[in-house]
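Student: I am attaching a structure below and will ask some questions about it afterwards.
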Amino acid sequence: MASIYSGRGAALGIGEESTWGTAVSRVNWRPAISSNLLRTIERVPRPNLQTGAAGVMRRSHFTAADNAGGTCSIELTYENCGMWVKHLMGAAATTGSGPYTHTYTLGTLPTGLTVENVRGTGTSEVFEGCRINTGTFSVSAGGVMSLEMDIIAETSAARGSAPTPSYGAGDTPVLHSHSGQFGFNSASYDLVDMSLTVNNALARRQLLGSAVTKQPLRNDFQSIELSVTVEVEDALYAAFLADTQGDATISFATGSVSAGFTVHNAYLTGASDPVTSAGIVTQSLTFVGESDGSDEGLAIAIVNANSSATGG
């Protein structure tokens, strides 16, 4: 009988590893929007010229690389996403006494994550030695903010029976309607959409002795890029021409919970506002964050009732 499963009920569970590549229990669970975490095994023919009896086919092959990882996407909620954000950003600090403010900043990445991928109504697969290479927060008018991540893993275990995810208290999505205005250069603007990408510039490290990667490390500078769309503003085009630089901010809030994004020392690398119809002209803008030696390029502040930056 073929295995026939549905995607409904898909979930991602994570736990913080103390030793990279040693799997730990999954303590934080989120429903998945999508996931294509998987093993990709590269098998290649041996390079010798030996053939079969007919002299036209190779006779053997070997495993050149055994890669694990892929992309996954979750809703960004004000609660229970803190462990994901910490492992994307690097550092987390908590202040307050309820509600608590969890501030995530750029820094040395944590050791790694164990990620369990519950494949809907089917089986689950546990990935160990996971590090988040890139993460993109995005939302548009009429939508919910998502966090899409590209993950590099050491390997995974064989697929097995899926557990029942245990979700933490609080499940408030970051909605487009919770947004305040976008702030830049002492002015505020309404957004059509936004997309904020953290690129950790991680690379696999395949060395002699194993077909799987060693702990992925940075292979280039980290980068922060913010893309937004507004109804056309000449002031922002002028800022692009003048190489104006300053913090770019946007916050989302509802009730006692909030999420604020600050791109430090942002400057514009693109401003496009073509006229293509009789309707309202929109403007696509790309900002890049920069370090000034104190502020490192991005800070995310999440306020909720959880006392832990990784639990909340």
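Numbering starts fresh at 1 for the residues of each chain in the structure tokens, the chains themselves are lettered A, B, ... in the order given, and ligands are numbered from 1 as they appear.
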Tell me, as a VMD selection string, which residues lie within 9 Å of region 171-187 of chain A, counting only C-alpha atoms; anything in the same chain fewer than 3 positions away does not count.
Tutor: chain A and resid 75 to 80 139 to 146 167 to 168 190 to 191 193 236 239 244 to 254 257 to 259 266
Student: Please identify which residues in region 102-267 of chain A DSSP calls alpha helix (DSSP H) from the backbone, and express them as a list in words.
Tutor: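 Here is the list: Asp234, Ala235, Leu236, Tyr237, Ala238, Ala239, Phe240, Leu241 and Ala242 of chain A.
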Student: So which one's closest to Leu202 (chain A), A:Leu226, A:Ala54, A:Ala65, A:Leu88? Using only C-alpha atoms, please.
Tutor: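 Residue with the minimum atom-to-atom distance to Leu202 (chain A): A:Leu88.
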Student: Kindly assemble as CSV a list of the region 44-102 of chain A residues that lie within 12 Å of region 289-298 of chain A, each paired with its nearest atom pair and their distance in Å to one decimal, using only C-alpha atoms, sorted first by chain and then by ascending residue number.
Tutor:
```
residue,atom,partner,partner_atom,distance
A:Val85,CA,A:Leu298,CA,12.0
A:Leu88,CA,A:Leu298,CA,11.5
A:Met89,CA,A:Leu298,CA,8.5
A:Gly90,CA,A:Leu298,CA,11.0
A:Ala91,CA,A:Leu298,CA,11.2
```
Student: Print the selection's residues with N, CA and C atoms to a file, as an mmCIF file, in the first residue's frame.
Tutor:
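And here is the file that came out, result_8.cif:
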```cif
data_model
loop_
_atom_site.group_PDB
_atom_site.id
_atom_site.type_symbol
_atom_site.label_atom_id
_atom_site.label_comp_id
_atom_site.auth_asym_id
_atom_site.auth_seq_id
_atom_site.Cartn_x
_atom_site.Cartn_y
_atom_site.Cartn_z
ATOM 1 N N VAL A 85 13.860 33.557 16.322
ATOM 2 C CA VAL A 85 14.450 34.878 16.079
ATOM 3 C C VAL A 85 15.856 34.950 16.663
ATOM 4 N N LEU A 88 18.292 33.224 14.424
ATOM 5 C CA LEU A 88 18.514 33.985 13.204
ATOM 6 C C LEU A 88 19.416 35.178 13.463
ATOM 7 N N MET A 89 19.209 35.852 14.585
ATOM 8 C CA MET A 89 19.905 37.112 14.868
ATOM 9 C C MET A 89 21.230 36.911 15.606
ATOM 10 N N GLY A 90 21.218 36.068 16.637
ATOM 11 C CA GLY A 90 22.448 35.808 17.383
ATOM 12 C C GLY A 90 22.350 36.065 18.862
ATOM 13 N N ALA A 91 21.755 37.192 19.271
ATOM 14 C CA ALA A 91 21.745 37.556 20.687
ATOM 15 C C ALA A 91 20.345 37.950 21.121
#
```
Student: Would you list the contacts of region 66-72 of chain A as a list in words, taking every protein, DNA or RNA residue within 8 Å and counting only C-alpha atoms, but skipping same-chain residues closer than 6 positions in sequence?
Tutor: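 Close residues of region 66-72 of chain A: Ala32, Ile33, Ser34, Ser35, Asn36, Leu37, Leu38, Arg39, Thr40, Ile41, Glu42, Phe127, Cys130, Glu148, Met149, Asp150, Ile151, Ile152, Ala153, Glu154, Thr155, Ser156, Ala211, Val212 and Thr213 of chain A.
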Student: Would you work out the distance separating CA of Thr95 (chain A) from CA of Thr136 (chain A), expressed in Å to one decimal?
Tutor: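 Distance between the two atoms: 25.5 Å.
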Student: Could you pull the residues within 10 Å of Ser97 (chain A), counting only C-alpha atoms, minus those fewer than 3 positions along the same chain, as a list in words?
Tutor: Thr94, Tyr100, Thr101, Ala305, Asn306 and Ser307 of chain A
Student: From the options A:Gln215, A:Thr105, A:Ser161, A:Thr111, which residue's atoms come nearest to Glu125 (chain A), counting only C-alpha atoms?
Tutor: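 Of the candidates, the smallest distance to Glu125 (chain A) is held by A:Ser161.
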Student: Could you jot down the CA of Ala201 (chain A) to CA of Leu106 (chain A) separation for me, Å, one decimal place?
Tutor: 13.0 Å
Student: Just give me the gap between CA of Phe62 (chain A) and CA of Arg159 (chain A) in Å, one decimal is fine.
Tutor: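 Straight-line distance from CA of Phe62 (chain A) to CA of Arg159 (chain A) works out to 23.1 Å.
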Student: What lies within 10 Å of Gly122 (chain A) using only C-alpha atoms, ignoring chain neighbours under 4 positions off, as a ChimeraX atom specification?
Tutor: /A:3-10,118,159-162
Student: Could you take the residues named above and write them with N, CA, C and O atoms, as a CSV table (one decimal), in the first residue's frame?
Tutor:
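Result written to selection_22.csv:
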```
chain,number,residue,atom,x,y,z
A,3,SER,N,2.1,5.1,0.6
A,3,SER,CA,1.9,6.1,1.7
A,3,SER,C,1.2,7.3,1.2
A,3,SER,O,1.8,8.0,0.3
A,4,ILE,N,0.0,7.6,1.6
A,4,ILE,CA,-0.7,8.8,1.2
A,4,ILE,C,-1.0,9.6,2.4
A,4,ILE,O,-1.7,9.2,3.3
A,5,TYR,N,-0.4,10.8,2.4
A,5,TYR,CA,-0.6,11.7,3.5
A,5,TYR,C,-1.1,13.1,3.1
A,5,TYR,O,-1.0,13.4,1.9
A,6,SER,N,-1.6,13.8,4.0
A,6,SER,CA,-2.1,15.2,3.7
A,6,SER,C,-1.2,16.2,4.5
A,6,SER,O,-0.6,15.8,5.5
A,7,GLY,N,-1.1,17.4,4.0
A,7,GLY,CA,-0.2,18.4,4.6
A,7,GLY,C,-0.8,19.0,5.8
A,7,GLY,O,-0.1,19.7,6.6
A,8,ARG,N,-2.1,18.9,6.1
A,8,ARG,CA,-2.7,19.5,7.2
A,8,ARG,C,-2.1,19.0,8.5
A,8,ARG,O,-1.8,17.8,8.6
A,9,GLY,N,-1.9,19.9,9.5
A,9,GLY,CA,-1.3,19.5,10.7
A,9,GLY,C,0.2,19.6,10.7
A,9,GLY,O,0.8,19.3,11.7
A,10,ALA,N,0.8,20.1,9.6
A,10,ALA,CA,2.3,20.2,9.6
A,10,ALA,C,2.8,21.2,10.6
A,10,ALA,O,2.2,22.2,10.9
A,118,VAL,N,7.3,17.8,11.3
A,118,VAL,CA,6.2,17.0,11.3
A,118,VAL,C,5.5,17.2,9.9
A,118,VAL,O,5.0,18.3,9.6
A,159,ARG,N,12.9,8.9,8.9
A,159,ARG,CA,11.5,9.3,9.2
A,159,ARG,C,10.8,8.3,10.1
A,159,ARG,O,11.0,7.1,9.9
A,160,GLY,N,10.1,8.8,11.1
A,160,GLY,CA,9.4,7.9,12.0
A,160,GLY,C,8.0,8.5,12.4
A,160,GLY,O,7.5,9.5,11.8
A,161,SER,N,7.4,7.9,13.4
A,161,SER,CA,6.0,8.3,13.8
A,161,SER,C,6.0,9.8,14.3
A,161,SER,O,6.9,10.2,15.0
A,162,ALA,N,5.1,10.5,13.9
A,162,ALA,CA,5.0,11.9,14.2
A,162,ALA,C,4.5,12.1,15.7
A,162,ALA,O,3.5,11.5,16.0
```
Student: When you count only C-alpha atoms, which of these residues is closest to Leu217 (chain A): A:Ala242, A:Ala169, A:Leu109, A:Leu268?
Tutor: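 Looking only at the distances to Leu217 (chain A), the closest residue turns out to be A:Leu109.
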